[in-house]
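input-v6.cif, holding mmCIF, C-alpha atoms and all ligand atoms:
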```
data_upload
#
loop_
_atom_site.label_atom_id
_atom_site.label_comp_id
_atom_site.auth_asym_id
_atom_site.auth_seq_id
_atom_site.Cartn_x
_atom_site.Cartn_y
_atom_site.Cartn_z
CA MET A 1 3.91 -43.25 35.87
CA ILE A 2 2.77 -39.62 36.08
CA ALA A 3 -0.77 -38.26 35.81
CA THR A 4 -1.76 -34.71 36.58
CA THR A 5 -5.22 -33.22 36.46
CA ALA A 6 -5.98 -29.53 35.96
CA LEU A 7 -2.56 -28.63 37.28
CA SER A 8 -2.16 -24.86 37.52
CA LYS A 9 0.51 -22.59 38.93
CA ARG A 10 0.26 -18.86 39.46
CA TYR A 11 3.12 -16.53 40.27
CA GLY A 12 1.09 -13.55 41.43
CA GLU A 13 -0.90 -12.45 38.39
CA HIS A 14 1.08 -14.61 36.01
CA LEU A 15 -0.41 -17.99 35.08
CA ALA A 16 2.65 -20.20 34.50
CA LEU A 17 0.72 -23.49 34.20
CA ASP A 18 -2.84 -23.61 32.98
CA GLU A 19 -4.81 -26.78 33.79
CA VAL A 20 -2.17 -29.20 32.60
CA ALA A 21 -3.19 -32.87 32.24
CA LEU A 22 0.09 -34.68 31.83
CA HIS A 23 0.22 -38.43 31.19
CA VAL A 24 3.62 -40.06 31.24
CA PRO A 25 3.40 -43.80 30.55
CA GLU A 26 5.53 -46.11 32.69
CA GLY A 27 8.78 -47.01 30.95
CA SER A 28 8.53 -44.19 28.44
CA VAL A 29 11.08 -41.57 27.52
CA TYR A 30 8.85 -38.49 27.53
CA GLY A 31 9.99 -35.22 26.02
CA LEU A 32 8.53 -32.02 27.38
CA ALA A 33 9.07 -29.45 24.64
CA GLY A 34 8.44 -25.75 24.85
CA ARG A 35 10.00 -22.36 24.38
CA ASN A 36 11.79 -20.53 27.15
CA GLY A 37 9.21 -19.43 29.66
CA ALA A 38 6.65 -22.03 28.58
CA GLY A 39 6.50 -23.46 32.11
CA LYS A 40 8.77 -26.51 31.82
CA THR A 41 10.89 -25.79 34.91
CA THR A 42 7.77 -24.97 36.91
CA LEU A 43 6.14 -28.25 35.92
CA ILE A 44 9.23 -30.34 36.66
CA GLY A 45 9.64 -28.54 39.99
CA ILE A 46 6.08 -29.45 40.98
CA LEU A 47 6.52 -33.09 39.91
CA ALA A 48 9.74 -33.25 41.94
CA GLY A 49 8.02 -31.78 44.99
CA LEU A 50 10.21 -28.68 44.91
CA ARG A 51 7.41 -26.23 44.08
CA ARG A 52 3.83 -26.10 45.18
CA ALA A 53 1.00 -26.09 42.64
CA THR A 54 -1.76 -23.49 42.97
CA SER A 55 -4.42 -26.08 42.11
CA GLY A 56 -4.85 -29.49 40.57
CA THR A 57 -3.52 -32.95 41.38
CA VAL A 58 -0.35 -34.93 40.76
CA THR A 59 -0.19 -38.72 40.94
CA ILE A 60 3.17 -40.44 40.63
CA ASP A 61 3.40 -44.24 40.70
CA ALA A 62 6.68 -44.31 42.59
CA PRO A 63 7.64 -43.46 46.17
CA PRO A 64 9.40 -40.08 46.58
CA GLU A 65 12.75 -41.74 47.29
CA ARG A 66 12.63 -43.41 43.88
CA VAL A 67 12.12 -40.12 42.03
CA ALA A 68 15.29 -38.30 40.99
CA VAL A 69 15.57 -34.83 39.52
CA LEU A 70 18.40 -33.04 37.75
CA ALA A 71 18.12 -29.27 37.77
CA ASP A 72 18.78 -27.04 34.79
CA ALA A 73 22.59 -26.37 34.67
CA PRO A 74 23.57 -28.43 37.73
CA ARG A 75 26.38 -27.13 39.95
CA PHE A 76 28.81 -29.18 41.96
CA ASP A 77 31.64 -28.34 44.30
CA PRO A 78 34.51 -27.83 41.81
CA TRP A 79 37.03 -29.35 44.20
CA LEU A 80 35.30 -32.73 44.35
CA THR A 81 36.15 -35.43 41.85
CA GLY A 82 33.41 -36.86 39.67
CA ARG A 83 33.56 -40.06 41.66
CA GLU A 84 33.18 -38.17 44.95
CA VAL A 85 30.08 -36.38 43.63
CA VAL A 86 28.43 -39.67 42.71
CA ALA A 87 29.56 -41.33 45.95
CA LEU A 88 27.90 -38.53 47.90
CA ALA A 89 24.66 -39.00 45.95
CA GLN A 90 24.86 -42.74 46.53
CA ARG A 91 25.26 -42.25 50.28
CA LEU A 92 22.17 -40.05 50.34
CA THR A 93 20.01 -42.40 48.29
CA ASP A 94 20.96 -46.04 47.93
CA PRO A 95 24.01 -47.63 49.58
CA GLU A 96 23.73 -50.46 47.05
CA GLY A 97 24.04 -48.05 44.12
CA ASP A 98 26.87 -48.88 41.71
CA ILE A 99 29.07 -45.75 41.69
CA ASP A 100 31.57 -46.88 39.06
CA GLY A 101 28.85 -48.53 37.01
CA VAL A 102 26.87 -45.32 36.57
CA LEU A 103 30.04 -43.32 35.87
CA ASP A 104 30.89 -45.82 33.12
CA GLN A 105 27.34 -45.56 31.80
CA ALA A 106 27.74 -41.77 31.67
CA GLY A 107 31.00 -42.06 29.72
CA LEU A 108 33.07 -40.64 32.58
CA THR A 109 35.32 -43.63 33.27
CA ASP A 110 38.53 -41.75 32.44
CA ALA A 111 37.45 -38.48 34.06
CA LYS A 112 36.03 -39.76 37.34
CA GLY A 113 39.24 -39.18 39.31
CA ARG A 114 39.51 -35.54 38.15
CA ARG A 115 38.09 -32.52 39.91
CA VAL A 116 34.80 -31.42 38.39
CA GLY A 117 35.99 -27.81 38.17
CA GLY A 118 37.77 -28.92 34.99
CA TYR A 119 34.74 -30.64 33.45
CA SER A 120 33.00 -29.33 30.32
CA ARG A 121 29.29 -28.45 30.54
CA GLY A 122 28.41 -31.69 28.79
CA MET A 123 30.46 -33.68 31.28
CA LEU A 124 28.72 -31.88 34.15
CA GLN A 125 25.33 -32.79 32.72
CA ARG A 126 26.38 -36.41 32.36
CA LEU A 127 27.79 -36.35 35.89
CA GLY A 128 24.43 -34.99 37.06
CA VAL A 129 22.66 -37.86 35.35
CA ALA A 130 25.10 -40.35 36.93
CA ALA A 131 24.46 -38.84 40.38
CA ALA A 132 20.70 -38.99 39.73
CA ILE A 133 20.65 -42.64 38.62
CA VAL A 134 22.99 -44.05 41.28
CA GLY A 135 19.95 -44.27 43.58
CA ARG A 136 18.21 -46.46 40.98
CA PRO A 137 15.20 -44.17 40.52
CA ARG A 138 12.03 -45.39 38.89
CA LEU A 139 11.33 -41.89 37.61
CA LEU A 140 14.01 -39.51 36.38
CA LEU A 141 13.18 -35.85 35.75
CA LEU A 142 15.76 -33.92 33.71
CA ASP A 143 15.38 -30.18 33.18
CA GLU A 144 16.95 -29.09 29.88
CA PRO A 145 19.87 -31.53 30.15
CA ALA A 146 21.10 -30.98 26.59
CA SER A 147 19.98 -27.49 25.65
CA ALA A 148 23.02 -25.35 26.42
CA LEU A 149 25.63 -27.74 25.06
CA ASP A 150 27.78 -27.79 21.95
CA PRO A 151 26.80 -30.40 19.32
CA GLN A 152 29.14 -33.07 20.66
CA GLY A 153 28.06 -32.51 24.27
CA ARG A 154 24.42 -32.65 23.20
CA ARG A 155 25.00 -35.86 21.28
CA GLU A 156 26.60 -37.50 24.32
CA VAL A 157 23.81 -36.46 26.68
CA LEU A 158 21.09 -37.58 24.25
CA ASP A 159 22.83 -40.93 23.76
CA LEU A 160 23.00 -41.34 27.53
CA ILE A 161 19.27 -40.62 27.87
CA ALA A 162 18.54 -43.14 25.12
CA ARG A 163 20.55 -45.76 27.02
CA LEU A 164 18.43 -45.20 30.14
CA ARG A 165 15.36 -46.56 28.37
CA GLY A 166 14.17 -49.64 30.20
CA THR A 167 15.89 -48.75 33.48
CA ALA A 168 13.57 -45.89 34.49
CA THR A 169 10.76 -43.75 33.19
CA VAL A 170 12.46 -40.58 31.95
CA LEU A 171 10.93 -37.15 31.48
CA PHE A 172 13.19 -34.52 30.01
CA SER A 173 12.53 -30.99 28.88
CA SER A 174 13.98 -29.13 25.95
CA HIS A 175 13.30 -26.07 23.85
CA ILE A 176 14.84 -27.93 20.90
CA LEU A 177 12.23 -30.12 19.23
CA GLY A 178 14.96 -32.06 17.41
CA ASP A 179 16.32 -33.34 20.74
CA VAL A 180 12.90 -34.56 21.76
CA GLN A 181 12.37 -36.11 18.35
CA GLU A 182 15.61 -38.07 18.58
CA VAL A 183 15.16 -39.91 21.86
CA CYS A 184 11.53 -39.73 22.96
CA ASP A 185 8.61 -41.98 22.23
CA THR A 186 6.07 -39.62 23.76
CA VAL A 187 6.04 -35.86 23.67
CA GLY A 188 4.19 -33.05 25.39
CA VAL A 189 4.28 -29.57 23.97
CA LEU A 190 3.91 -26.78 26.48
CA ASP A 191 3.20 -23.22 25.38
CA HIS A 192 2.37 -20.35 27.71
CA GLY A 193 1.59 -22.88 30.44
CA ARG A 194 -0.82 -24.92 28.32
CA LEU A 195 -0.23 -28.43 27.06
CA LEU A 196 -0.95 -27.99 23.35
CA PHE A 197 -0.19 -31.53 22.33
CA GLN A 198 0.58 -34.82 24.02
CA GLY A 199 1.08 -38.18 22.39
CA PRO A 200 3.37 -40.31 20.27
CA ILE A 201 6.13 -38.35 18.58
CA ASP A 202 5.00 -39.67 15.18
CA ASP A 203 1.70 -37.87 15.55
CA LEU A 204 3.46 -34.56 16.03
CA LEU A 205 5.87 -34.81 13.16
CA VAL A 206 5.26 -35.33 9.50
CA GLY A 207 3.73 -38.78 9.02
CA ALA A 208 2.14 -40.62 6.13
CA ALA A 209 -0.89 -38.37 6.36
CA GLY A 210 1.22 -35.22 6.31
CA PRO A 211 1.79 -32.85 9.18
CA ARG A 212 -1.11 -33.20 11.54
CA TYR A 213 0.02 -30.62 14.01
CA VAL A 214 1.85 -27.42 13.44
CA VAL A 215 3.53 -26.22 16.57
CA ARG A 216 5.81 -23.23 16.45
CA LEU A 217 8.79 -23.88 18.68
CA ARG A 218 12.11 -22.14 18.71
P1 LIG B 301 13.16 -21.62 30.81
O1 LIG B 301 13.61 -22.62 29.83
O2 LIG B 301 13.48 -20.21 30.41
O3 LIG B 301 13.52 -21.93 32.25
P2 LIG B 301 10.56 -22.70 31.31
O4 LIG B 301 9.75 -23.27 30.20
O5 LIG B 301 11.28 -23.65 32.18
O6 LIG B 301 11.57 -21.65 30.72
P3 LIG B 301 9.51 -21.54 33.73
O7 LIG B 301 10.87 -21.27 34.27
O8 LIG B 301 8.72 -22.62 34.35
O9 LIG B 301 9.57 -21.79 32.17
O10 LIG B 301 8.70 -20.18 33.78
C1 LIG B 301 7.35 -20.07 33.32
C2 LIG B 301 6.89 -18.65 33.51
O11 LIG B 301 6.75 -18.36 34.90
C3 LIG B 301 7.84 -17.60 32.95
O12 LIG B 301 7.07 -16.55 32.41
C4 LIG B 301 8.61 -17.14 34.16
O13 LIG B 301 9.02 -15.80 34.02
C5 LIG B 301 7.58 -17.28 35.27
N1 LIG B 301 8.22 -17.62 36.55
C6 LIG B 301 8.96 -18.72 36.81
N2 LIG B 301 9.35 -18.74 38.11
C7 LIG B 301 8.84 -17.63 38.69
C8 LIG B 301 8.88 -17.08 40.02
N3 LIG B 301 9.52 -17.70 41.01
N4 LIG B 301 8.23 -15.91 40.23
C9 LIG B 301 7.56 -15.30 39.23
N5 LIG B 301 7.47 -15.76 37.97
C10 LIG B 301 8.11 -16.90 37.69
#
```

Translate this file's structure into structure tokens.
Amino acid sequence: MIATTALSKRYGEHLALDEVALHVPEGSVYGLAGRNGAGKTTLIGILAGLRRATSGTVTIDAPPERVAVLADAPRFDPWLTGREVVALAQRLTDPEGDIDGVLDQAGLTDAKGRRVGGYSRGMLQRLGVAAAIVGRPRLLLLDEPASALDPQGRREVLDLIARLRGTATVLFSSHILGDVQEVCDTVGVLDHGRLLFQGPIDDLLVGAAGPRYVVRLR
């Protein structure tokens, strides 16, 4: 679904991405792991068309209107209800999108009539996912959707991501390797802008042959 070649990004003197060759298989749930500052937001921004790469190529096997992105810590007008937020996203993307269906999927059935100003951070993340999937994207890019949440909020967001398997290719970033381990089949480890590892999660973690890779993440 995604292939990049020698993708680099400079901010002045600072090399934020260094010749990244990302391969995200169609239908996978891909976890992009890396410490704060590793380059995750920069990479997702380039894939989403929100930032310009300095050099390299990006190929995405889906038209731009079928690619959805959820920013780190999404913000919504606090006076809108959850349902209004998703209805707005639906109007902008896909008039056939099932507003109540995605709210149910995100576990917001009982909260959808309430103003989002009263939502917890976890609910806001799930609302963001609902707004992103109402347009039935083929590729969903989620920037740190679970990282800043309490354990219950994290659990709910990770469960939601797991339920998306089969409906879209999902790439999500996290600085918590455990989150990636729980829901992803493929993982990329980014460190100082370089992709240190990419492959099946089982190759990264301790397997029958012992730990094959040692990657220091926070
Ligand atoms: P975080 O989880 O903290 O957002 P990240 O892995 O998403 O980290 P990026 O936000 O992509 O990392 O940042 C990568 C590096 O590029 C960091 O060193 C950051 O300071 C730098 N950087 C990011 N955006 C800019 C910018 N607009 N101008 C200058 N430097 C930037």

Report task. Using only C-alpha atoms and all ligand atoms, determine which residues fall within 7 Å of ligand LIG 301 (chain B), then list them as a PyMOL selection string. Result -> chain A and resi 11+14+16+34-43+175

Restricting the output to C-alpha atoms, write the selected residues as a compact mmCIF listing (two decimals), in the frame of the given file.
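That gives us selection_33.txt:
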```txt
# COMPACT_ATOMS: atom_id res chain seq x y z
CA TYR A 11 3.12 -16.53 40.27
CA HIS A 14 1.08 -14.61 36.01
CA ALA A 16 2.65 -20.20 34.50
CA GLY A 34 8.44 -25.75 24.85
CA ARG A 35 10.00 -22.36 24.38
CA ASN A 36 11.79 -20.53 27.15
CA GLY A 37 9.21 -19.43 29.66
CA ALA A 38 6.65 -22.03 28.58
CA GLY A 39 6.50 -23.46 32.11
CA LYS A 40 8.77 -26.51 31.82
CA THR A 41 10.89 -25.79 34.91
CA THR A 42 7.77 -24.97 36.91
CA LEU A 43 6.14 -28.25 35.92
CA HIS A 175 13.30 -26.07 23.85
```

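Here the question is which of A:Pro200, A:Pro63, A:Gly49, A:Gly122 gets nearest to Val183 in chain A using all atoms listed in the file, and that residue is A:Pro200.
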
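Between CA of Glu144 in chain A and CA of Gly178 in chain A the interatomic distance comes to 13.0 Å.
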
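Using all atoms listed in the file, the nearest neighbour of Gly113 in chain A within the list A:Val85, A:Leu92, A:Ala33, A:Val134 is A:Val85.
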
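Across A:Pro64, A:Gly135, A:Gly166, A:Pro74, the tightest approach to Gly27 in chain A is made by A:Gly166 when counting only C-alpha atoms.
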
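Nearest to Glu182 in chain A of all the residues A:Gly31, A:Gly45, A:Gly82, A:Pro151 is A:Gly31, based on only C-alpha atoms.
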
Query raised in the report: Nearest to Glu13 in chain A among A:Val116, A:Gln125, A:Thr54, A:Glu26, with distances taken over only C-alpha atoms: which residue is it?
Result: A:Thr54

Could you please fill out range 78-96 of chain A with N, CA, C and O atoms and send it back as a PDB file, keeping the file's coordinate frame?
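What follows is the written file selection10.pdb:
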```pdb
ATOM      1  N   PRO A  78      33.473 -27.597  42.821  1.00  0.00           N
ATOM      2  CA  PRO A  78      34.510 -27.830  41.810  1.00  0.00           C
ATOM      3  C   PRO A  78      35.720 -28.603  42.327  1.00  0.00           C
ATOM      4  O   PRO A  78      36.496 -29.143  41.545  1.00  0.00           O
ATOM      5  N   TRP A  79      35.862 -28.670  43.641  1.00  0.00           N
ATOM      6  CA  TRP A  79      37.030 -29.350  44.200  1.00  0.00           C
ATOM      7  C   TRP A  79      36.813 -30.841  44.368  1.00  0.00           C
ATOM      8  O   TRP A  79      37.743 -31.589  44.653  1.00  0.00           O
ATOM      9  N   LEU A  80      35.566 -31.292  44.245  1.00  0.00           N
ATOM     10  CA  LEU A  80      35.300 -32.730  44.350  1.00  0.00           C
ATOM     11  C   LEU A  80      35.630 -33.409  43.025  1.00  0.00           C
ATOM     12  O   LEU A  80      35.509 -32.802  41.960  1.00  0.00           O
ATOM     13  N   THR A  81      36.007 -34.661  43.088  1.00  0.00           N
ATOM     14  CA  THR A  81      36.150 -35.430  41.850  1.00  0.00           C
ATOM     15  C   THR A  81      34.770 -35.921  41.425  1.00  0.00           C
ATOM     16  O   THR A  81      33.836 -35.966  42.246  1.00  0.00           O
ATOM     17  N   GLY A  82      34.675 -36.328  40.160  1.00  0.00           N
ATOM     18  CA  GLY A  82      33.410 -36.860  39.670  1.00  0.00           C
ATOM     19  C   GLY A  82      32.954 -38.048  40.507  1.00  0.00           C
ATOM     20  O   GLY A  82      31.777 -38.186  40.838  1.00  0.00           O
ATOM     21  N   ARG A  83      33.925 -38.884  40.875  1.00  0.00           N
ATOM     22  CA  ARG A  83      33.560 -40.060  41.660  1.00  0.00           C
ATOM     23  C   ARG A  83      33.038 -39.661  43.036  1.00  0.00           C
ATOM     24  O   ARG A  83      32.100 -40.273  43.563  1.00  0.00           O
ATOM     25  N   GLU A  84      33.638 -38.620  43.632  1.00  0.00           N
ATOM     26  CA  GLU A  84      33.180 -38.170  44.950  1.00  0.00           C
ATOM     27  C   GLU A  84      31.747 -37.615  44.880  1.00  0.00           C
ATOM     28  O   GLU A  84      30.940 -37.830  45.799  1.00  0.00           O
ATOM     29  N   VAL A  85      31.444 -36.908  43.788  1.00  0.00           N
ATOM     30  CA  VAL A  85      30.080 -36.380  43.630  1.00  0.00           C
ATOM     31  C   VAL A  85      29.069 -37.518  43.604  1.00  0.00           C
ATOM     32  O   VAL A  85      28.038 -37.481  44.292  1.00  0.00           O
ATOM     33  N   VAL A  86      29.375 -38.552  42.826  1.00  0.00           N
ATOM     34  CA  VAL A  86      28.430 -39.670  42.710  1.00  0.00           C
ATOM     35  C   VAL A  86      28.387 -40.478  44.017  1.00  0.00           C
ATOM     36  O   VAL A  86      27.320 -40.937  44.436  1.00  0.00           O
ATOM     37  N   ALA A  87      29.535 -40.598  44.680  1.00  0.00           N
ATOM     38  CA  ALA A  87      29.560 -41.330  45.950  1.00  0.00           C
ATOM     39  C   ALA A  87      28.696 -40.631  47.000  1.00  0.00           C
ATOM     40  O   ALA A  87      27.993 -41.268  47.788  1.00  0.00           O
ATOM     41  N   LEU A  88      28.719 -39.309  46.972  1.00  0.00           N
ATOM     42  CA  LEU A  88      27.900 -38.530  47.900  1.00  0.00           C
ATOM     43  C   LEU A  88      26.405 -38.776  47.614  1.00  0.00           C
ATOM     44  O   LEU A  88      25.610 -39.007  48.530  1.00  0.00           O
ATOM     45  N   ALA A  89      26.060 -38.744  46.334  1.00  0.00           N
ATOM     46  CA  ALA A  89      24.660 -39.000  45.950  1.00  0.00           C
ATOM     47  C   ALA A  89      24.255 -40.412  46.348  1.00  0.00           C
ATOM     48  O   ALA A  89      23.136 -40.630  46.821  1.00  0.00           O
ATOM     49  N   GLN A  90      25.165 -41.342  46.188  1.00  0.00           N
ATOM     50  CA  GLN A  90      24.860 -42.740  46.530  1.00  0.00           C
ATOM     51  C   GLN A  90      24.589 -42.864  48.029  1.00  0.00           C
ATOM     52  O   GLN A  90      23.643 -43.513  48.453  1.00  0.00           O
ATOM     53  N   ARG A  91      25.425 -42.166  48.823  1.00  0.00           N
ATOM     54  CA  ARG A  91      25.260 -42.250  50.280  1.00  0.00           C
ATOM     55  C   ARG A  91      23.904 -41.681  50.711  1.00  0.00           C
ATOM     56  O   ARG A  91      23.285 -42.132  51.662  1.00  0.00           O
ATOM     57  N   LEU A  92      23.436 -40.688  49.983  1.00  0.00           N
ATOM     58  CA  LEU A  92      22.170 -40.050  50.340  1.00  0.00           C
ATOM     59  C   LEU A  92      20.955 -40.832  49.846  1.00  0.00           C
ATOM     60  O   LEU A  92      19.836 -40.579  50.275  1.00  0.00           O
ATOM     61  N   THR A  93      21.176 -41.734  48.879  1.00  0.00           N
ATOM     62  CA  THR A  93      20.010 -42.400  48.290  1.00  0.00           C
ATOM     63  C   THR A  93      20.006 -43.900  48.508  1.00  0.00           C
ATOM     64  O   THR A  93      19.097 -44.435  49.142  1.00  0.00           O
ATOM     65  N   ASP A  94      21.010 -44.585  47.960  1.00  0.00           N
ATOM     66  CA  ASP A  94      20.960 -46.040  47.930  1.00  0.00           C
ATOM     67  C   ASP A  94      22.363 -46.606  48.116  1.00  0.00           C
ATOM     68  O   ASP A  94      23.172 -46.604  47.192  1.00  0.00           O
ATOM     69  N   PRO A  95      22.672 -47.112  49.306  1.00  0.00           N
ATOM     70  CA  PRO A  95      24.010 -47.630  49.580  1.00  0.00           C
ATOM     71  C   PRO A  95      24.422 -48.773  48.655  1.00  0.00           C
ATOM     72  O   PRO A  95      25.594 -49.098  48.543  1.00  0.00           O
ATOM     73  N   GLU A  96      23.430 -49.365  47.984  1.00  0.00           N
ATOM     74  CA  GLU A  96      23.730 -50.460  47.050  1.00  0.00           C
ATOM     75  C   GLU A  96      24.043 -49.934  45.653  1.00  0.00           C
ATOM     76  O   GLU A  96      24.402 -50.708  44.766  1.00  0.00           O
TER      77      GLU A  96
END
```
